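Asker: What follows is entry16.tsv, TSV, C-alpha atoms.
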```tsv
chain	number	residue	atom	x	y	z
A	1	MET	CA	13.60	-70.35	17.52
A	2	ASN	CA	17.23	-70.29	16.88
A	3	TRP	CA	18.20	-69.13	20.33
A	4	THR	CA	21.77	-68.44	19.32
A	5	GLU	CA	20.45	-65.35	17.55
A	6	TYR	CA	19.43	-63.95	20.91
A	7	SER	CA	22.09	-65.14	23.32
A	8	ASP	CA	25.47	-66.80	23.39
A	9	THR	CA	24.67	-68.36	26.77
A	10	LEU	CA	21.96	-71.01	27.24
A	11	SER	CA	20.70	-72.42	30.50
A	12	GLN	CA	22.14	-75.85	31.18
A	13	TRP	CA	18.91	-77.56	32.14
A	14	TYR	CA	16.31	-75.95	29.88
A	15	ASN	CA	18.66	-75.01	27.08
A	16	LEU	CA	17.05	-71.57	26.91
A	17	PRO	CA	18.83	-68.22	26.44
A	18	LEU	CA	19.43	-66.10	29.49
A	19	ASN	CA	17.97	-62.54	29.71
A	20	THR	CA	16.71	-62.64	26.16
A	21	ILE	CA	16.03	-59.32	24.44
A	22	PHE	CA	13.49	-59.28	21.61
A	23	THR	CA	12.76	-56.50	19.16
A	24	HIS	CA	9.39	-54.76	19.32
A	25	ASP	CA	7.97	-56.87	16.47
A	26	LYS	CA	8.89	-60.16	18.24
A	27	ASN	CA	6.05	-59.77	20.70
A	28	HIS	CA	3.95	-62.87	19.95
A	29	ILE	CA	5.25	-65.55	22.35
A	30	THR	CA	4.06	-69.07	23.14
A	31	PHE	CA	5.42	-71.10	26.10
A	32	ASN	CA	5.23	-74.90	26.17
A	33	PHE	CA	5.99	-76.59	29.45
A	34	SER	CA	5.76	-80.03	31.07
A	35	ALA	CA	6.61	-81.60	34.42
A	36	ILE	CA	8.36	-84.97	34.87
A	37	SER	CA	6.09	-87.63	36.31
A	38	LYS	CA	6.78	-91.32	35.65
A	39	THR	CA	3.62	-92.58	37.34
A	40	PHE	CA	0.73	-90.41	36.22
A	41	PRO	CA	1.96	-87.74	33.79
A	42	GLU	CA	-1.58	-87.17	32.56
A	43	ASN	CA	-2.72	-86.00	36.02
A	44	ILE	CA	-0.26	-83.11	36.27
A	45	LYS	CA	-1.86	-79.64	36.31
A	46	TYR	CA	-0.16	-76.33	35.71
A	47	SER	CA	-0.52	-72.68	36.68
A	48	PHE	CA	1.46	-69.82	35.16
A	49	LYS	CA	1.91	-66.11	35.38
A	50	LEU	CA	3.70	-63.47	33.24
A	51	GLU	CA	5.08	-60.87	35.58
A	52	GLY	CA	4.92	-57.48	33.98
A	53	PHE	CA	1.66	-58.38	32.28
A	54	ASP	CA	-0.53	-60.67	34.43
A	55	LYS	CA	-1.70	-59.57	37.85
A	56	ASN	CA	-2.69	-63.06	39.05
A	57	TRP	CA	-1.76	-66.65	38.47
A	58	SER	CA	-3.78	-68.56	35.94
A	59	PRO	CA	-6.23	-71.26	37.13
A	60	THR	CA	-4.60	-74.68	37.73
A	61	GLU	CA	-5.37	-76.75	34.66
A	62	GLU	CA	-3.90	-79.53	32.56
A	63	ILE	CA	-3.08	-77.12	29.75
A	64	GLN	CA	0.63	-77.20	28.91
A	65	THR	CA	0.86	-74.07	26.77
A	66	ALA	CA	0.50	-70.32	27.26
A	67	THR	CA	0.34	-67.75	24.47
A	68	TYR	CA	0.76	-63.98	24.69
A	69	SER	CA	0.11	-61.77	21.65
A	70	ASN	CA	1.05	-58.14	20.98
A	71	LEU	CA	2.99	-57.72	24.16
A	72	PRO	CA	3.97	-54.10	24.71
A	73	PRO	CA	7.62	-53.19	25.21
A	74	GLY	CA	8.83	-53.96	28.71
A	75	VAL	CA	10.64	-56.36	31.06
A	76	TYR	CA	8.91	-59.71	31.72
A	77	ARG	CA	9.37	-62.90	33.70
A	78	PHE	CA	7.32	-65.98	32.86
A	79	LEU	CA	6.66	-68.30	35.85
A	80	VAL	CA	5.05	-71.76	35.77
A	81	LYS	CA	4.40	-74.30	38.54
A	82	ALA	CA	3.13	-77.91	38.46
A	83	GLU	CA	0.82	-79.76	40.78
A	84	ASN	CA	0.19	-83.54	41.03
A	85	LYS	CA	-3.15	-85.24	41.65
A	86	ASP	CA	-2.61	-84.97	45.39
A	87	GLY	CA	-2.29	-81.22	45.18
A	88	VAL	CA	1.41	-81.15	45.86
A	89	SER	CA	3.26	-78.40	43.99
A	90	ASN	CA	6.88	-78.19	43.14
A	91	GLU	CA	8.82	-76.00	45.46
A	92	GLU	CA	10.62	-74.00	42.75
A	93	PHE	CA	9.02	-72.26	39.81
A	94	ALA	CA	10.28	-72.65	36.30
A	95	GLU	CA	11.01	-69.18	35.00
A	96	PHE	CA	12.11	-67.40	31.88
A	97	ASP	CA	13.22	-63.74	31.81
A	98	PHE	CA	13.00	-61.66	28.65
A	99	THR	CA	12.73	-58.05	27.49
A	100	ILE	CA	10.85	-56.57	24.54
A	101	LYS	CA	12.62	-53.48	23.32
A	102	GLN	CA	10.77	-50.29	22.48
A	103	PRO	CA	10.60	-49.39	18.78
A	104	PHE	CA	13.25	-46.84	17.97
A	105	TRP	CA	10.68	-44.15	17.13
A	106	THR	CA	9.41	-44.18	20.73
A	107	THR	CA	12.81	-43.84	22.35
A	108	TRP	CA	13.76	-40.55	23.99
A	109	TRP	CA	16.80	-40.07	21.80
A	110	PHE	CA	14.73	-40.51	18.64
A	111	ILE	CA	12.07	-38.10	19.91
A	112	ILE	CA	14.76	-35.56	20.73
A	113	PHE	CA	16.36	-36.15	17.36
A	114	CYS	CA	13.02	-35.65	15.56
A	115	THR	CA	12.21	-32.58	17.66
A	116	VAL	CA	15.58	-31.04	16.96
A	117	GLY	CA	15.28	-32.02	13.31
A	118	PHE	CA	11.76	-30.56	13.09
A	119	PHE	CA	12.64	-27.23	14.64
A	120	GLY	CA	15.94	-27.23	12.78
A	121	SER	CA	14.06	-27.72	9.53
A	122	ILE	CA	11.69	-24.88	10.42
A	123	TYR	CA	14.62	-22.65	11.32
A	124	GLY	CA	16.47	-23.63	8.16
A	125	TYR	CA	13.36	-23.04	6.06
A	126	ASN	CA	12.80	-19.66	7.68
A	127	GLN	CA	16.41	-18.73	7.06
A	128	TYR	CA	16.02	-19.83	3.46
A	129	ARG	CA	12.83	-17.77	3.12
A	130	LYS	CA	14.51	-14.77	4.72
A	131	ARG	CA	17.50	-15.10	2.44
A	132	LYS	CA	15.26	-15.53	-0.58
A	133	HIS	CA	13.13	-12.58	0.50
A	134	LEU	CA	16.24	-10.48	1.05
A	135	LEU	CA	17.56	-11.36	-2.40
A	136	GLN	CA	14.18	-10.54	-3.95
A	137	LYS	CA	14.05	-7.30	-1.99
A	138	GLU	CA	17.54	-6.35	-3.15
A	139	ARG	CA	16.63	-7.24	-6.72
A	140	PHE	CA	13.38	-5.25	-6.58
A	141	GLU	CA	15.15	-2.32	-4.93
A	142	LYS	CA	17.71	-2.32	-7.71
A	143	ILE	CA	14.93	-2.47	-10.32
A	144	ILE	CA	13.05	0.33	-8.56
A	145	LYS	CA	16.23	2.37	-8.19
A	146	ASP	CA	17.09	1.95	-11.86
A	147	ARG	CA	13.52	2.66	-12.90
A	148	THR	CA	13.34	5.69	-10.62
A	149	ALA	CA	16.58	7.02	-12.03
A	150	GLU	CA	15.19	6.51	-15.52
A	151	ILE	CA	11.93	8.25	-14.61
A	152	ILE	CA	13.79	11.13	-12.97
A	153	LYS	CA	15.97	11.45	-16.06
A	154	LYS	CA	12.94	11.48	-18.34
A	155	ARG	CA	11.14	13.87	-15.99
A	156	ASP	CA	14.10	16.24	-16.03
A	157	GLU	CA	14.23	16.00	-19.82
A	158	ASN	CA	10.49	16.64	-20.04
A	159	GLU	CA	10.75	19.56	-17.62
A	160	ILE	CA	13.52	21.09	-19.70
A	161	LEU	CA	11.48	20.52	-22.84
A	162	LEU	CA	8.30	21.88	-21.24
A	163	LYS	CA	10.19	24.85	-19.90
A	164	GLU	CA	11.54	25.53	-23.36
A	165	VAL	CA	8.04	25.24	-24.82
A	166	HIS	CA	6.64	27.81	-22.37
A	167	HIS	CA	9.62	30.05	-23.04
A	168	ARG	CA	9.06	29.86	-26.79
A	169	VAL	CA	5.32	30.43	-26.44
A	170	LYS	CA	6.01	33.49	-24.29
A	171	ASN	CA	8.56	34.79	-26.83
A	172	ASN	CA	6.17	34.17	-29.73
A	173	LEU	CA	3.40	36.03	-27.92
A	174	GLN	CA	5.79	38.89	-27.24
A	175	ILE	CA	6.71	38.93	-30.94
A	176	ILE	CA	3.02	39.08	-31.82
A	177	ASN	CA	2.59	41.91	-29.32
A	178	SER	CA	5.53	43.74	-30.84
A	179	LEU	CA	4.08	43.34	-34.34
A	180	ILE	CA	0.71	44.67	-33.14
A	181	ASN	CA	2.47	47.55	-31.40
A	182	ILE	CA	4.36	48.41	-34.60
A	183	GLN	CA	1.16	48.16	-36.63
A	184	SER	CA	-0.70	50.41	-34.21
A	185	ASP	CA	1.86	53.16	-34.81
A	186	TYR	CA	0.50	53.48	-38.36
A	187	VAL	CA	-3.08	53.92	-37.12
A	188	SER	CA	-4.33	57.42	-36.42
A	189	ASP	CA	-7.87	56.55	-35.41
A	190	PRO	CA	-8.13	56.68	-31.56
A	191	LYS	CA	-10.70	53.87	-31.48
A	192	ALA	CA	-8.46	51.64	-33.58
A	193	THR	CA	-5.51	52.49	-31.34
A	194	GLU	CA	-7.56	51.54	-28.29
A	195	LEU	CA	-8.51	48.22	-29.92
A	196	PHE	CA	-4.85	47.45	-30.61
A	197	ARG	CA	-4.02	48.21	-26.97
A	198	GLU	CA	-6.76	45.92	-25.70
A	199	ILE	CA	-5.52	43.13	-27.97
A	200	ARG	CA	-1.98	43.62	-26.64
A	201	ASN	CA	-3.28	43.42	-23.08
A	202	ARG	CA	-5.07	40.15	-23.77
A	203	ILE	CA	-2.03	38.64	-25.42
A	204	ARG	CA	0.15	39.89	-22.57
A	205	THR	CA	-2.26	38.27	-20.09
A	206	ILE	CA	-1.71	34.89	-21.72
A	207	SER	CA	2.02	35.55	-22.03
A	208	LEU	CA	2.24	36.16	-18.27
A	209	VAL	CA	0.95	32.66	-17.65
A	210	HIS	CA	3.70	31.09	-19.73
A	211	GLU	CA	6.25	33.41	-18.15
A	212	LYS	CA	5.17	32.20	-14.70
A	213	LEU	CA	5.33	28.59	-15.83
A	214	TYR	CA	8.77	29.13	-17.35
A	215	LYS	CA	10.07	30.39	-14.00
A	216	SER	CA	8.10	27.95	-11.86
A	217	GLU	CA	9.26	24.62	-10.43
A	218	ASP	CA	5.73	23.20	-10.57
A	219	TYR	CA	4.31	23.19	-14.07
A	220	GLY	CA	0.93	21.93	-12.92
A	221	ARG	CA	0.07	24.93	-10.73
A	222	ILE	CA	0.38	28.73	-10.90
A	223	ASN	CA	0.45	30.98	-7.86
A	224	VAL	CA	-2.71	33.09	-8.13
A	225	LYS	CA	-1.52	36.00	-5.97
A	226	GLU	CA	1.77	36.42	-7.84
A	227	TYR	CA	-0.03	36.22	-11.19
A	228	ILE	CA	-2.63	38.88	-10.24
A	229	ASN	CA	0.10	41.24	-9.00
A	230	MET	CA	1.98	40.85	-12.29
A	231	LEU	CA	-1.24	41.37	-14.25
A	232	VAL	CA	-2.15	44.58	-12.42
A	233	GLU	CA	1.40	45.95	-12.71
A	234	ASN	CA	1.30	45.27	-16.45
A	235	LEU	CA	-2.03	47.12	-16.82
A	236	ILE	CA	-0.72	50.09	-14.83
A	237	GLU	CA	2.28	50.24	-17.15
A	238	THR	CA	0.07	49.81	-20.24
A	239	TYR	CA	-2.33	52.61	-19.36
A	240	SER	CA	0.49	54.82	-18.01
A	241	TYR	CA	-1.54	55.40	-14.91
A	242	ASN	CA	-0.28	58.25	-12.72
A	243	LYS	CA	-2.77	57.80	-9.89
A	244	GLU	CA	-2.15	55.69	-6.85
A	245	ILE	CA	-3.95	52.36	-7.17
A	246	GLU	CA	-4.36	50.13	-4.14
A	247	LEU	CA	-4.74	46.43	-4.79
A	248	LYS	CA	-6.64	44.56	-2.04
A	249	LEU	CA	-6.39	40.79	-2.29
A	250	ASP	CA	-8.21	38.25	-0.16
A	251	LEU	CA	-7.26	34.93	-1.66
A	252	GLU	CA	-8.15	31.71	0.11
A	253	VAL	CA	-7.02	29.71	-2.92
A	254	GLN	CA	-3.30	29.75	-3.69
A	255	HIS	CA	-2.94	27.86	-6.96
A	256	PHE	CA	-4.79	26.97	-10.16
A	257	ASN	CA	-3.77	24.86	-13.13
A	258	LEU	CA	-2.99	26.17	-16.60
A	259	ASN	CA	-6.44	25.39	-18.05
A	260	THR	CA	-8.12	27.47	-15.34
A	261	ILE	CA	-5.70	30.36	-14.93
A	262	ILE	CA	-5.76	31.44	-18.62
A	263	PRO	CA	-9.53	32.10	-18.90
A	264	LEU	CA	-9.54	33.45	-15.32
A	265	GLY	CA	-6.61	35.76	-16.16
A	266	LEU	CA	-8.33	37.00	-19.31
A	267	LEU	CA	-11.49	37.62	-17.28
A	268	LEU	CA	-9.52	39.62	-14.71
A	269	ASN	CA	-7.77	41.51	-17.50
A	270	GLU	CA	-11.07	42.63	-19.04
A	271	ILE	CA	-12.61	43.73	-15.75
A	272	ILE	CA	-9.51	45.48	-14.40
A	273	SER	CA	-8.85	47.12	-17.78
A	274	ASN	CA	-12.37	48.58	-17.67
A	275	SER	CA	-11.61	49.88	-14.19
A	276	PHE	CA	-8.48	51.64	-15.44
A	277	LYS	CA	-10.29	53.05	-18.48
A	278	TYR	CA	-13.54	54.23	-16.92
A	279	ALA	CA	-13.71	53.88	-13.14
A	280	PHE	CA	-11.06	56.16	-11.68
A	281	ASN	CA	-11.52	59.37	-13.69
A	282	GLU	CA	-13.35	61.00	-10.81
A	283	VAL	CA	-11.57	59.18	-7.96
A	284	ASN	CA	-8.32	60.36	-6.37
A	285	ASN	CA	-7.25	57.05	-4.83
A	286	GLY	CA	-8.34	54.01	-6.77
A	287	ILE	CA	-8.94	50.64	-5.14
A	288	ILE	CA	-9.17	47.31	-6.89
A	289	GLU	CA	-10.54	44.45	-4.77
A	290	ILE	CA	-10.29	40.76	-5.56
A	291	GLU	CA	-11.63	38.04	-3.26
A	292	LEU	CA	-11.27	34.35	-4.05
A	293	HIS	CA	-12.78	31.69	-1.79
A	294	LYS	CA	-13.90	28.11	-1.84
A	295	SER	CA	-17.67	27.71	-1.94
A	296	ASN	CA	-19.71	25.28	0.13
A	297	VAL	CA	-20.44	23.34	-3.05
A	298	LYS	CA	-17.82	20.69	-3.84
A	299	GLU	CA	-15.11	21.84	-6.28
A	300	GLU	CA	-16.70	25.28	-6.66
A	301	TYR	CA	-15.02	28.65	-6.09
A	302	THR	CA	-16.32	32.19	-5.69
A	303	ILE	CA	-14.44	35.24	-6.97
A	304	ILE	CA	-15.49	38.85	-6.43
A	305	ILE	CA	-13.79	41.53	-8.53
A	306	GLY	CA	-14.50	45.23	-8.16
A	307	ASP	CA	-13.34	48.81	-7.85
A	308	ASN	CA	-14.38	51.95	-5.97
A	309	GLY	CA	-14.96	53.94	-9.15
A	310	LYS	CA	-18.04	55.70	-10.47
A	311	GLY	CA	-19.70	52.47	-11.65
A	312	PHE	CA	-22.07	52.07	-14.60
A	313	ASN	CA	-25.69	51.25	-15.33
A	314	ASP	CA	-26.79	47.64	-14.82
A	315	GLU	CA	-28.76	47.79	-18.08
A	316	VAL	CA	-25.51	48.11	-20.01
A	317	PHE	CA	-24.25	44.86	-18.46
A	318	ASN	CA	-27.54	43.03	-19.09
A	319	ASN	CA	-28.00	44.36	-22.62
A	320	GLU	CA	-27.54	41.70	-25.31
A	321	THR	CA	-25.88	44.22	-27.65
A	322	THR	CA	-23.12	45.04	-25.15
A	323	THR	CA	-19.47	45.95	-25.75
A	324	LEU	CA	-16.80	43.45	-26.81
A	325	GLY	CA	-15.16	43.62	-23.36
A	326	LEU	CA	-18.38	42.75	-21.53
A	327	GLU	CA	-19.14	40.06	-24.07
A	328	LEU	CA	-15.71	38.53	-23.46
A	329	ILE	CA	-16.35	38.61	-19.71
A	330	LYS	CA	-19.53	36.56	-20.17
A	331	ILE	CA	-17.86	34.13	-22.61
A	332	LEU	CA	-14.90	33.54	-20.29
A	333	SER	CA	-17.32	33.00	-17.38
A	334	ASN	CA	-19.08	30.28	-19.36
A	335	GLN	CA	-15.72	28.73	-20.17
A	336	LEU	CA	-15.08	28.50	-16.42
A	337	ASN	CA	-18.39	26.64	-15.99
A	338	GLY	CA	-19.94	29.64	-14.25
A	339	GLU	CA	-22.15	32.68	-14.77
A	340	ILE	CA	-21.02	36.16	-13.79
A	341	GLU	CA	-23.31	38.71	-12.14
A	342	LYS	CA	-22.98	42.38	-11.34
A	343	ILE	CA	-23.69	42.99	-7.65
A	344	GLN	CA	-25.07	46.11	-5.95
A	345	LYS	CA	-22.11	47.67	-4.21
A	346	PRO	CA	-20.42	51.10	-4.43
A	347	GLY	CA	-18.32	51.22	-7.55
A	348	THR	CA	-18.42	48.26	-9.91
A	349	HIS	CA	-18.32	44.73	-8.55
A	350	TYR	CA	-18.81	41.33	-10.16
A	351	ILE	CA	-19.31	37.94	-8.59
A	352	LEU	CA	-18.56	34.66	-10.32
A	353	LYS	CA	-19.06	31.14	-9.03
A	354	PHE	CA	-17.07	28.71	-11.14
A	355	LYS	CA	-15.52	25.27	-11.23
A	356	PRO	CA	-11.86	24.87	-12.23
A	357	ILE	CA	-11.21	23.29	-15.61
A	358	LYS	CA	-9.52	19.91	-15.11
A	359	ASP	CA	-6.15	19.10	-16.65
```
Would you write out, as structure tokens, the structure that this file holds?

Answerer:
Amino acid sequence: MNWTEYSDTLSQWYNLPLNTIFTHDKNHITFNFSAISKTFPENIKYSFKLEGFDKNWSPTEEIQTATYSNLPPGVYRFLVKAENKDGVSNEEFAEFDFTIKQPFWTTWWFIIFCTVGFFGSIYGYNQYRKRKHLLQKERFEKIIKDRTAEIIKKRDENEILLKEVHHRVKNNLQIINSLINIQSDYVSDPKATELFREIRNRIRTISLVHEKLYKSEDYGRINVKEYINMLVENLIETYSYNKEIELKLDLEVQHFNLNTIIPLGLLLNEIISNSFKYAFNEVNNGIIEIELHKSNVKEEYTIIIGDNGKGFNDEVFNNETTTLGLELIKILSNQLNGEIEKIQKPGTHYILKFKPIKD
């Protein structure tokens, strides 16, 4: 070894460095030693010990070398003593002190540095992820906001357009009604006049739907109670009825869509029109009853429509060659996926179980 690499000071007698410090990879050390004997050098025996590693002295032998491999980091002192053939040992031990340094990755400062670096990296990564997530969130929120604004704009445009469509349909139906009304003035036959009036009522029934939609905020649903009230008021005005008519409504269902309310409205128009035409001639105070409930069957509804009038024969309702009004009632019932029946109750009452027509 070039001892000057390890120490500037060498022992005067042995010419060895003092308090040598080795790195962790300089841990394979061999000691050679010999005692001075001019008479019988071959009879000298030696015993050694490495404090910090060996617990006991080595056996006394003639071996003049000691090797230690893979010494762990620590502070050591190598001691050796000699003994002649008479068993006399030297009074002082030869010794050599040295230290093997720990590798830097096992030092406390490096462990702290790595720990701080590890948790710092995790913190930095989390901050980066949070920042990235925040930027993505802001970007997505902006996209959603812009898209929502675009959808709202289109929705408003569509609502205006749809509102205009319903308004024009209502106006066109009113024009048709006006034309029929003008044409009916040139008809003198009472039966023909009655037919024109019934046609106007049916057209007005459809027109009321579009009028409700035009004034409504929700174009997907129509308030059933408000629509029935408007329908009955229109029929009272049409037939110029001077008797007091009481309308009793028991409606569990509040709304229907357009596809359902039109055939249902036409059905109500036919039945209530018949009540105005035939039922109340012999009744002072007329009553029209309408009940609408949900059935136990899924997506099925039950409606009962009737009056307290004089009623009519069941055979007329069941006859295949019935009137146009009754035929329309049966056709509209089929359109509502149901079948109407006349029930035994004072006056005239019908019951219909139907399923709403989907949009």

Asker: Under the rule that all atoms listed in the file are counted, which of A:Ile271, A:Ile152, A:Lys170, A:Ile245 is the nearest residue to Glu327 (chain A)?

Answerer: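 Closest to Glu327 (chain A), using all atoms listed in the file: A:Ile271.
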
Asker: Distance CA of Thr193 (chain A)-CA of Leu268 (chain A), one decimal place?

Answerer: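 Going from CA of Thr193 (chain A) over to CA of Leu268 (chain A) covers 21.4 Å.
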
Asker: When distances are computed from only C-alpha atoms, which of A:Leu326, A:Leu264, A:Gln344, A:His349 shows the smallest separation from Ile304 (chain A)?

Answerer: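 Checking each of A:Leu326, A:Leu264, A:Gln344, A:His349 against Ile304 (chain A), counting only C-alpha atoms, the winner is A:His349.
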
Asker: Any idea what the distance is between CA of Gly74 (chain A) and CA of Trp105 (chain A)?

Answerer: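 Rounded to one decimal, the two atoms are 15.3 Å apart.
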
Asker: Could you tell me how far CA of Trp108 (chain A) sits from CA of Tyr76 (chain A), in Å to one decimal place?

Answerer: 21.2 Å

Asker: Glu300 (chain A): which residues within 12 Å, counting all atoms listed in the file, same-chain residues fewer than 6 positions away excluded, as a PyMOL selection string?

Answerer: chain A and resi 253+292-294+336-338+352-357

Asker: Quick one: of A:Gly124, A:Ile331, A:Asn257, A:Ile288, who's nearest to Lys358 (chain A), counting only C-alpha atoms?

Answerer: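 Closest to Lys358 (chain A) of all the choices is A:Asn257.
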
Asker: Calculated over only C-alpha atoms, which of the candidates A:His24, A:Lys345, A:Arg131, A:Lys248 has the smallest distance to Asn229 (chain A)?

Answerer: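 When distances to Asn229 (chain A) are compared using only C-alpha atoms, the smallest one comes from A:Lys248.
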
Asker: What would region 187-208 of chain A look like with N, CA and C atoms in place, written as an mmCIF file, in the coordinates of the input?

Answerer:
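Resulting contents of out_7.cif:
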```cif
data_model
loop_
_atom_site.group_PDB
_atom_site.id
_atom_site.type_symbol
_atom_site.label_atom_id
_atom_site.label_comp_id
_atom_site.auth_asym_id
_atom_site.auth_seq_id
_atom_site.Cartn_x
_atom_site.Cartn_y
_atom_site.Cartn_z
ATOM 1 N N VAL A 187 -1.634 53.665 -37.218
ATOM 2 C CA VAL A 187 -3.080 53.920 -37.120
ATOM 3 C C VAL A 187 -3.280 55.248 -36.409
ATOM 4 N N SER A 188 -4.078 56.109 -37.000
ATOM 5 C CA SER A 188 -4.330 57.420 -36.420
ATOM 6 C C SER A 188 -5.678 57.495 -35.720
ATOM 7 N N ASP A 189 -6.541 56.553 -36.012
ATOM 8 C CA ASP A 189 -7.870 56.550 -35.410
ATOM 9 C C ASP A 189 -7.756 56.162 -33.934
ATOM 10 N N PRO A 190 -8.238 57.001 -33.001
ATOM 11 C CA PRO A 190 -8.130 56.680 -31.560
ATOM 12 C C PRO A 190 -8.834 55.378 -31.185
ATOM 13 N N LYS A 191 -9.975 55.111 -31.797
ATOM 14 C CA LYS A 191 -10.700 53.870 -31.480
ATOM 15 C C LYS A 191 -9.903 52.639 -31.906
ATOM 16 N N ALA A 192 -9.288 52.750 -33.104
ATOM 17 C CA ALA A 192 -8.460 51.640 -33.580
ATOM 18 C C ALA A 192 -7.246 51.448 -32.688
ATOM 19 N N THR A 193 -6.651 52.573 -32.246
ATOM 20 C CA THR A 193 -5.510 52.490 -31.340
ATOM 21 C C THR A 193 -5.883 51.801 -30.028
ATOM 22 N N GLU A 194 -7.087 52.163 -29.528
ATOM 23 C CA GLU A 194 -7.560 51.540 -28.290
ATOM 24 C C GLU A 194 -7.778 50.040 -28.479
ATOM 25 N N LEU A 195 -8.305 49.643 -29.645
ATOM 26 C CA LEU A 195 -8.510 48.220 -29.920
ATOM 27 C C LEU A 195 -7.182 47.473 -29.951
ATOM 28 N N PHE A 196 -6.174 48.087 -30.581
ATOM 29 C CA PHE A 196 -4.850 47.450 -30.610
ATOM 30 C C PHE A 196 -4.299 47.283 -29.189
ATOM 31 N N ARG A 197 -4.525 48.289 -28.341
ATOM 32 C CA ARG A 197 -4.020 48.210 -26.970
ATOM 33 C C ARG A 197 -4.718 47.095 -26.192
ATOM 34 N N GLU A 198 -6.025 46.970 -26.397
ATOM 35 C CA GLU A 198 -6.760 45.920 -25.700
ATOM 36 C C GLU A 198 -6.295 44.533 -26.159
ATOM 37 N N ILE A 199 -6.014 44.421 -27.465
ATOM 38 C CA ILE A 199 -5.520 43.130 -27.970
ATOM 39 C C ILE A 199 -4.167 42.803 -27.352
ATOM 40 N N ARG A 200 -3.283 43.856 -27.255
ATOM 41 C CA ARG A 200 -1.980 43.620 -26.640
ATOM 42 C C ARG A 200 -2.120 43.186 -25.190
ATOM 43 N N ASN A 201 -3.061 43.797 -24.488
ATOM 44 C CA ASN A 201 -3.280 43.420 -23.080
ATOM 45 C C ASN A 201 -3.709 41.958 -22.950
ATOM 46 N N ARG A 202 -4.590 41.538 -23.843
ATOM 47 C CA ARG A 202 -5.070 40.150 -23.770
ATOM 48 C C ARG A 202 -3.947 39.162 -24.086
ATOM 49 N N ILE A 203 -3.151 39.512 -25.091
ATOM 50 C CA ILE A 203 -2.030 38.640 -25.420
ATOM 51 C C ILE A 203 -1.011 38.633 -24.281
ATOM 52 N N ARG A 204 -0.790 39.800 -23.695
ATOM 53 C CA ARG A 204 0.150 39.890 -22.570
ATOM 54 C C ARG A 204 -0.360 39.084 -21.366
ATOM 55 N N THR A 205 -1.675 39.055 -21.188
ATOM 56 C CA THR A 205 -2.260 38.270 -20.090
ATOM 57 C C THR A 205 -1.944 36.794 -20.238
ATOM 58 N N ILE A 206 -2.045 36.296 -21.470
ATOM 59 C CA ILE A 206 -1.710 34.890 -21.720
ATOM 60 C C ILE A 206 -0.212 34.680 -21.604
ATOM 61 N N SER A 207 0.564 35.668 -22.084
ATOM 62 C CA SER A 207 2.020 35.550 -22.030
ATOM 63 C C SER A 207 2.521 35.481 -20.589
ATOM 64 N N LEU A 208 1.841 36.186 -19.672
ATOM 65 C CA LEU A 208 2.240 36.160 -18.270
ATOM 66 C C LEU A 208 2.130 34.759 -17.679
#
```
